[in-house]
file start_13.cif (mmCIF, C-alpha atoms)
data_target
#
loop_
_atom_site.label_atom_id
_atom_site.label_comp_id
_atom_site.auth_asym_id
_atom_site.auth_seq_id
_atom_site.Cartn_x
_atom_site.Cartn_y
_atom_site.Cartn_z
CA LYS A 1 13.84 -24.48 -25.38
CA THR A 2 12.08 -27.83 -25.85
CA CYS A 3 12.67 -28.74 -22.20
CA ARG A 4 11.40 -25.40 -20.96
CA GLU A 5 8.25 -25.59 -23.09
CA ALA A 6 7.49 -29.08 -21.80
CA ALA A 7 8.12 -28.03 -18.21
CA ALA A 8 5.69 -25.13 -18.55
CA LEU A 9 2.87 -27.65 -19.16
CA ALA A 10 3.99 -30.37 -16.76
CA ASP A 11 2.60 -31.40 -13.39
CA PHE A 12 5.10 -30.56 -10.65
CA VAL A 13 5.00 -32.25 -7.22
CA ASP A 14 7.00 -32.07 -3.98
CA GLY A 15 10.65 -32.87 -4.68
CA GLY A 16 10.76 -35.20 -1.68
CA GLU A 17 9.27 -37.84 -4.00
CA THR A 18 12.75 -38.91 -5.11
CA ALA A 19 14.90 -37.88 -2.13
CA GLY A 20 16.66 -40.47 0.01
CA PRO A 21 15.73 -40.84 3.69
CA ARG A 22 18.31 -38.28 4.84
CA ALA A 23 18.19 -35.87 1.90
CA THR A 24 14.43 -35.46 2.23
CA ARG A 25 15.07 -33.35 5.38
CA VAL A 26 16.80 -30.63 3.39
CA LYS A 27 15.18 -30.83 -0.06
CA GLN A 28 12.88 -27.92 -0.86
CA ASN A 29 11.88 -27.84 -4.52
CA ARG A 30 9.31 -29.25 -6.93
CA GLN A 31 9.82 -31.70 -9.78
CA ILE A 32 7.87 -33.17 -12.65
CA SER A 33 5.70 -35.98 -11.32
CA LYS A 34 6.63 -39.58 -12.07
CA SER A 35 3.08 -40.05 -13.34
CA ASP A 36 3.35 -37.23 -15.91
CA ASN A 37 4.17 -38.86 -19.25
CA ALA A 38 5.28 -35.48 -20.64
CA ARG A 39 8.61 -35.92 -18.87
CA ARG A 40 9.72 -38.93 -20.94
CA PRO A 41 10.53 -37.07 -24.22
CA VAL A 42 12.42 -34.45 -22.23
CA GLN A 43 14.41 -37.11 -20.39
CA GLU A 44 15.26 -38.89 -23.64
CA LEU A 45 16.33 -35.62 -25.26
CA ILE A 46 18.70 -34.76 -22.40
CA VAL A 47 20.18 -38.26 -22.08
CA ALA A 48 20.84 -38.43 -25.83
CA ALA A 49 22.58 -35.04 -25.74
CA LEU A 50 24.79 -36.16 -22.84
CA TYR A 51 25.77 -39.39 -24.60
CA ARG A 52 26.70 -37.38 -27.73
CA HIS A 53 28.93 -34.89 -25.95
CA PRO A 54 32.62 -35.69 -26.58
CA GLU A 55 33.83 -34.31 -23.25
CA ILE A 56 31.36 -36.41 -21.29
CA ALA A 57 32.43 -39.45 -23.29
CA ARG A 58 36.07 -38.68 -22.47
CA ILE A 59 35.70 -37.78 -18.79
CA ALA A 60 32.77 -39.92 -17.65
CA LEU A 61 33.01 -42.99 -19.91
CA PRO A 62 29.26 -43.48 -19.39
CA HIS A 63 27.80 -46.95 -19.20
CA ARG A 64 24.34 -45.83 -18.09
CA ILE A 65 22.78 -42.38 -17.69
CA ARG A 66 19.67 -42.28 -15.55
CA PRO A 67 16.48 -40.53 -16.75
CA PRO A 68 16.87 -36.97 -15.42
CA VAL A 69 14.75 -35.44 -12.69
CA ILE A 70 13.40 -32.08 -13.88
CA SER A 71 13.30 -29.74 -10.86
CA ARG A 72 11.95 -26.26 -10.30
CA TYR A 73 13.24 -23.99 -7.54
CA SER A 74 11.01 -20.99 -6.84
CA SER A 75 11.76 -18.15 -4.42
CA GLY A 76 12.56 -19.60 -0.99
CA HIS A 77 13.48 -23.05 -2.30
CA SER A 78 16.87 -24.65 -1.66
CA TYR A 79 18.50 -28.06 -1.26
CA GLY A 80 20.66 -28.43 1.83
CA ARG A 81 23.94 -30.29 2.11
CA HIS A 82 23.67 -33.93 1.11
CA VAL A 83 25.36 -36.74 -0.80
CA ASP A 84 23.56 -38.53 -3.62
CA GLU A 85 22.38 -42.10 -3.12
CA ALA A 86 24.97 -44.69 -4.16
CA LEU A 87 22.46 -47.01 -5.87
CA MET A 88 19.41 -45.71 -7.74
CA GLY A 89 16.43 -47.18 -9.51
CA PRO A 90 14.25 -50.25 -8.91
CA ARG A 91 15.75 -53.05 -6.82
CA ASP A 92 16.02 -55.42 -9.77
CA ASN A 93 17.79 -52.87 -11.98
CA ARG A 94 20.03 -50.68 -9.84
CA THR A 95 22.34 -48.02 -11.26
CA ARG A 96 25.50 -47.07 -9.36
CA SER A 97 25.95 -43.29 -9.17
CA ASP A 98 29.59 -42.58 -10.03
CA LEU A 99 29.00 -39.07 -11.36
CA SER A 100 26.29 -36.49 -10.79
CA CYS A 101 25.20 -34.11 -13.53
CA THR A 102 23.20 -30.88 -13.45
CA VAL A 103 21.90 -29.45 -16.73
CA PHE A 104 20.88 -25.80 -16.37
CA LEU A 105 17.64 -25.01 -18.21
CA SER A 106 16.96 -21.51 -16.83
CA ASP A 107 19.37 -18.76 -17.76
CA ILE A 108 21.39 -17.13 -14.99
CA SER A 109 19.56 -13.84 -15.58
CA GLU A 110 16.22 -15.43 -14.65
CA TYR A 111 16.87 -16.04 -10.97
CA ALA A 112 18.94 -14.86 -8.02
CA GLY A 113 20.71 -17.30 -5.71
CA GLY A 114 20.34 -20.98 -6.58
CA GLU A 115 24.05 -21.75 -6.88
CA LEU A 116 25.22 -25.35 -6.88
CA LEU A 117 27.82 -25.69 -4.10
CA ILE A 118 30.20 -28.64 -4.35
CA GLU A 119 32.25 -29.06 -1.19
CA LEU A 120 35.81 -29.21 -2.45
CA ALA A 121 38.93 -28.36 -0.48
CA PRO A 122 40.02 -25.73 0.41
CA GLU A 123 36.67 -24.04 -0.37
CA PRO A 124 33.40 -25.00 -2.09
CA ALA A 125 32.99 -24.63 -5.85
CA ARG A 126 30.05 -22.29 -6.59
CA ILE A 127 28.46 -23.13 -9.93
CA LYS A 128 25.75 -21.26 -11.82
CA LEU A 129 25.82 -21.71 -15.60
CA PRO A 130 23.88 -20.33 -18.59
CA SER A 131 20.92 -22.17 -20.05
CA GLY A 132 21.98 -25.29 -21.94
CA HIS A 133 25.22 -25.78 -20.01
CA ALA A 134 25.94 -28.71 -17.72
CA VAL A 135 28.36 -29.69 -14.98
CA ILE A 136 29.41 -33.21 -13.97
CA TYR A 137 31.21 -34.11 -10.75
CA PRO A 138 31.85 -37.21 -8.61
CA SER A 139 28.75 -38.30 -6.72
CA THR A 140 30.92 -38.91 -3.66
CA PHE A 141 31.04 -35.17 -2.87
CA LEU A 142 28.74 -33.38 -0.44
CA HIS A 143 26.86 -30.64 -2.27
CA SER A 144 23.90 -28.30 -1.94
CA VAL A 145 21.83 -25.67 -3.76
CA THR A 146 21.66 -22.23 -2.15
CA GLU A 147 18.30 -20.56 -1.62
CA VAL A 148 16.67 -19.00 -4.66
CA THR A 149 15.80 -15.47 -3.58
CA GLU A 150 14.13 -14.28 -6.78
CA GLY A 151 12.80 -15.81 -10.00
CA GLU A 152 12.84 -19.50 -10.89
CA ARG A 153 15.64 -22.03 -11.33
CA LEU A 154 14.81 -24.91 -13.68
CA VAL A 155 17.34 -27.75 -13.92
CA ALA A 156 17.63 -31.38 -14.94
CA ALA A 157 19.62 -33.61 -12.59
CA THR A 158 20.88 -37.02 -13.56
CA TRP A 159 23.47 -39.61 -12.53
CA ILE A 160 26.00 -41.57 -14.54
CA GLN A 161 27.27 -45.08 -13.98
CA SER A 162 30.68 -45.15 -15.60
CA HIS A 163 32.43 -48.10 -17.16
CA ILE A 164 35.21 -47.18 -14.70
CA ARG A 165 34.22 -47.00 -11.03
CA ASP A 166 37.46 -45.48 -9.69
CA GLN A 167 37.86 -41.70 -10.09
CA GLU A 168 41.65 -41.77 -10.44
CA ARG A 169 41.49 -44.41 -13.16
CA ARG A 170 38.87 -42.35 -15.02
CA LYS A 171 41.23 -39.35 -14.81
CA ILE A 172 44.14 -41.36 -16.25
CA LEU A 173 42.01 -42.58 -19.15
CA ALA A 174 40.68 -39.06 -19.79
CA ASP A 175 44.24 -37.67 -19.94
CA LEU A 176 45.33 -40.47 -22.24
CA ALA A 177 42.43 -39.66 -24.55
CA ILE A 178 43.80 -36.11 -24.97
CA ILE A 179 47.32 -37.41 -25.68
CA ARG A 180 45.95 -40.00 -28.11
CA SER A 181 43.98 -37.37 -30.00
CA ARG A 182 46.91 -34.97 -30.30
CA LEU A 183 49.37 -37.65 -31.36
CA GLY A 184 46.85 -38.85 -33.93
CA LYS A 185 46.91 -35.39 -35.52
CA LEU A 186 50.64 -34.77 -35.22
CA ASP A 187 51.93 -38.21 -36.26
CA PRO A 188 49.10 -40.48 -37.42
CA GLU A 189 51.49 -43.21 -38.63
CA GLY A 190 53.90 -43.06 -35.69
CA LEU A 191 54.68 -46.00 -33.42
CA GLU A 192 54.16 -43.77 -30.35
CA THR A 193 50.65 -42.98 -31.57
CA ASP A 194 49.81 -46.66 -31.97
CA LEU A 195 51.27 -47.44 -28.55
CA THR A 196 49.19 -44.70 -26.92
CA PHE A 197 46.02 -46.09 -28.51
CA GLN A 198 47.08 -49.56 -27.33
CA VAL A 199 47.82 -48.51 -23.76
CA ARG A 200 44.51 -46.69 -23.33
CA ALA A 201 42.50 -49.52 -24.87
CA ASN A 202 44.23 -52.11 -22.69
CA LEU A 203 43.76 -50.08 -19.50
CA LEU A 204 40.09 -49.63 -20.36
CA ARG A 205 39.81 -53.37 -20.96
CA MET A 206 41.61 -54.10 -17.67
CA TRP A 207 39.65 -51.64 -15.50
CA SER A 208 36.16 -51.78 -17.02
CA GLU A 209 33.53 -53.35 -14.76
CA ASN A 210 30.68 -53.39 -17.29
#
call {"tool": "encode", "arguments": {"input": "start_13.cif", "output": "structure tokens"}}
result
Amino acid sequence: KTCREAAALADFVDGGETAGPRATRVKQNRQISKSDNARRPVQELIVAALYRHPEIARIALPHRIRPPVISRYSSGHSYGRHVDEALMGPRDNRTRSDLSCTVFLSDISEYAGGELLIELAPEPARIKLPSGHAVIYPSTFLHSVTEVTEGERLVAATWIQSHIRDQERRKILADLAIIRSRLGKLDPEGLETDLTFQVRANLLRMWSEN
């Protein structure tokens, strides 16, 4: 609700402002201007919520979460197939994009179309979630947003630099976190529980790049 109220008063500009040289060809939306200071509290609110979320902590192991881009898709807007830039931000303070995140601010009843398509095999994942929900996925995937045919789609998009660059290693650590949690409840004093905590901590120590 806070994000939507702020967006209603914000200055929106052409979304090409933040698109890379190739993505700008296919990006048709509007976003809160970089010069509009009203976006900062919204960005901080969203980033803090993402850092707090236990599943994002488990799956993404976030080192840095970029300030989100707040985008509005009106009827006729879309974002064609593209891959997110690998390095983002000013040249002296780059952030590697390991994971992409879309936070849905509009409810699914408020617009038609506007699905996030992530090109997975054997067929794309089509994602359209209720207001307040989010999806994270590897930034290595091609993805797009289908045309909004009615209403307005308001979203916040951000990118996460993980402590663990490699997707398969992140998956192993995420699975171990589940096992660690369950063993901690079933047998808090057990040797196997301590060993699971040890193995995950040591793998994190071995694989972390930050």
call {"tool": "resolve_selection", "arguments": {"input": "start_13.cif", "expression": "the PyMOL selection byres ((chain A and resi 143-150) around 9)", "output": "VMD selection string"}}
result
chain A and resid 73 to 84 110 to 119 124 141 to 142 151 to 153
call {"tool": "atom_distance", "arguments": {"input": "start_13.cif", "atom1": "CA of Gly184 (chain A)", "atom2": "CA of Val199 (chain A)"}}
result
14.1 Å
call {"tool": "closest_residue", "arguments": {"input": "start_13.cif", "among": "A:Ile70, A:Cys3, A:Ala60, A:Ala49", "to": "Leu173 (chain A)", "atoms": "all atoms listed in the file"}}
result
A:Ala60
call {"tool": "closest_atom_pairs", "arguments": {"input": "start_13.cif", "of": "region 150-177 of chain A", "to": "region 189-198 of chain A", "cutoff": "12 Å", "atoms": "all atoms listed in the file", "output": "tab-separated table"}}
result
residue	atom	partner	partner_atom	distance
A:Leu173	CA	A:Phe197	CA	10.8
A:Asp175	CA	A:Thr196	CA	11.1
A:Leu176	CA	A:Thr196	CA	7.4
A:Ala177	CA	A:Phe197	CA	8.4
call {"tool": "resolve_selection", "arguments": {"input": "start_13.cif", "expression": "the PyMOL selection byres ((chain A and resi 204) around 12)", "output": "PyMOL selection string"}}
result
chain A and resi 58+61+162-166+169-174+176-177+197-203+205-210
call {"tool": "closest_residue", "arguments": {"input": "start_13.cif", "among": "A:Ile46, A:Ile179, A:Cys101, A:Leu129", "to": "Gln161 (chain A)", "atoms": "all atoms listed in the file"}}
result
A:Cys101
call {"tool": "residues_near_point", "arguments": {"input": "start_13.cif", "point": "(22.9, -31.3, -16.9)", "cutoff": "8 Å", "atoms": "only C-alpha atoms", "output": "PyMOL selection string"}}
result
chain A and resi 46+50+101-104+132-136+155-158
call {"tool": "closest_residue", "arguments": {"input": "start_13.cif", "among": "A:Leu9, A:Leu45, A:Ile59, A:Leu105", "to": "Pro130 (chain A)", "atoms": "only C-alpha atoms"}}
result
A:Leu105
call {"tool": "resolve_selection", "arguments": {"input": "start_13.cif", "expression": "the PyMOL selection byres ((chain A and resi 11) around 8)", "output": "PyMOL selection string"}}
result
chain A and resi 9-10+12-13+32-33+36
call {"tool": "closest_residue", "arguments": {"input": "start_13.cif", "among": "A:Ser131, A:Glu17, A:Glu85, A:Arg182", "to": "Ser35 (chain A)", "atoms": "only C-alpha atoms"}}
result
A:Glu17
call {"tool": "residues_around", "arguments": {"input": "start_13.cif", "residues": "region 14-16 of chain A", "least_positions_apart": "2", "cutoff": "10 Å", "atoms": "only C-alpha atoms", "output": "number ranges by chain"}}
result
A: 12, 18-21, 23-33, 69-73, 79
call {"tool": "closest_residue", "arguments": {"input": "start_13.cif", "among": "A:Trp159, A:Ser181, A:Ile127, A:Leu120", "to": "Arg64 (chain A)", "atoms": "all atoms listed in the file"}}
result
A:Trp159
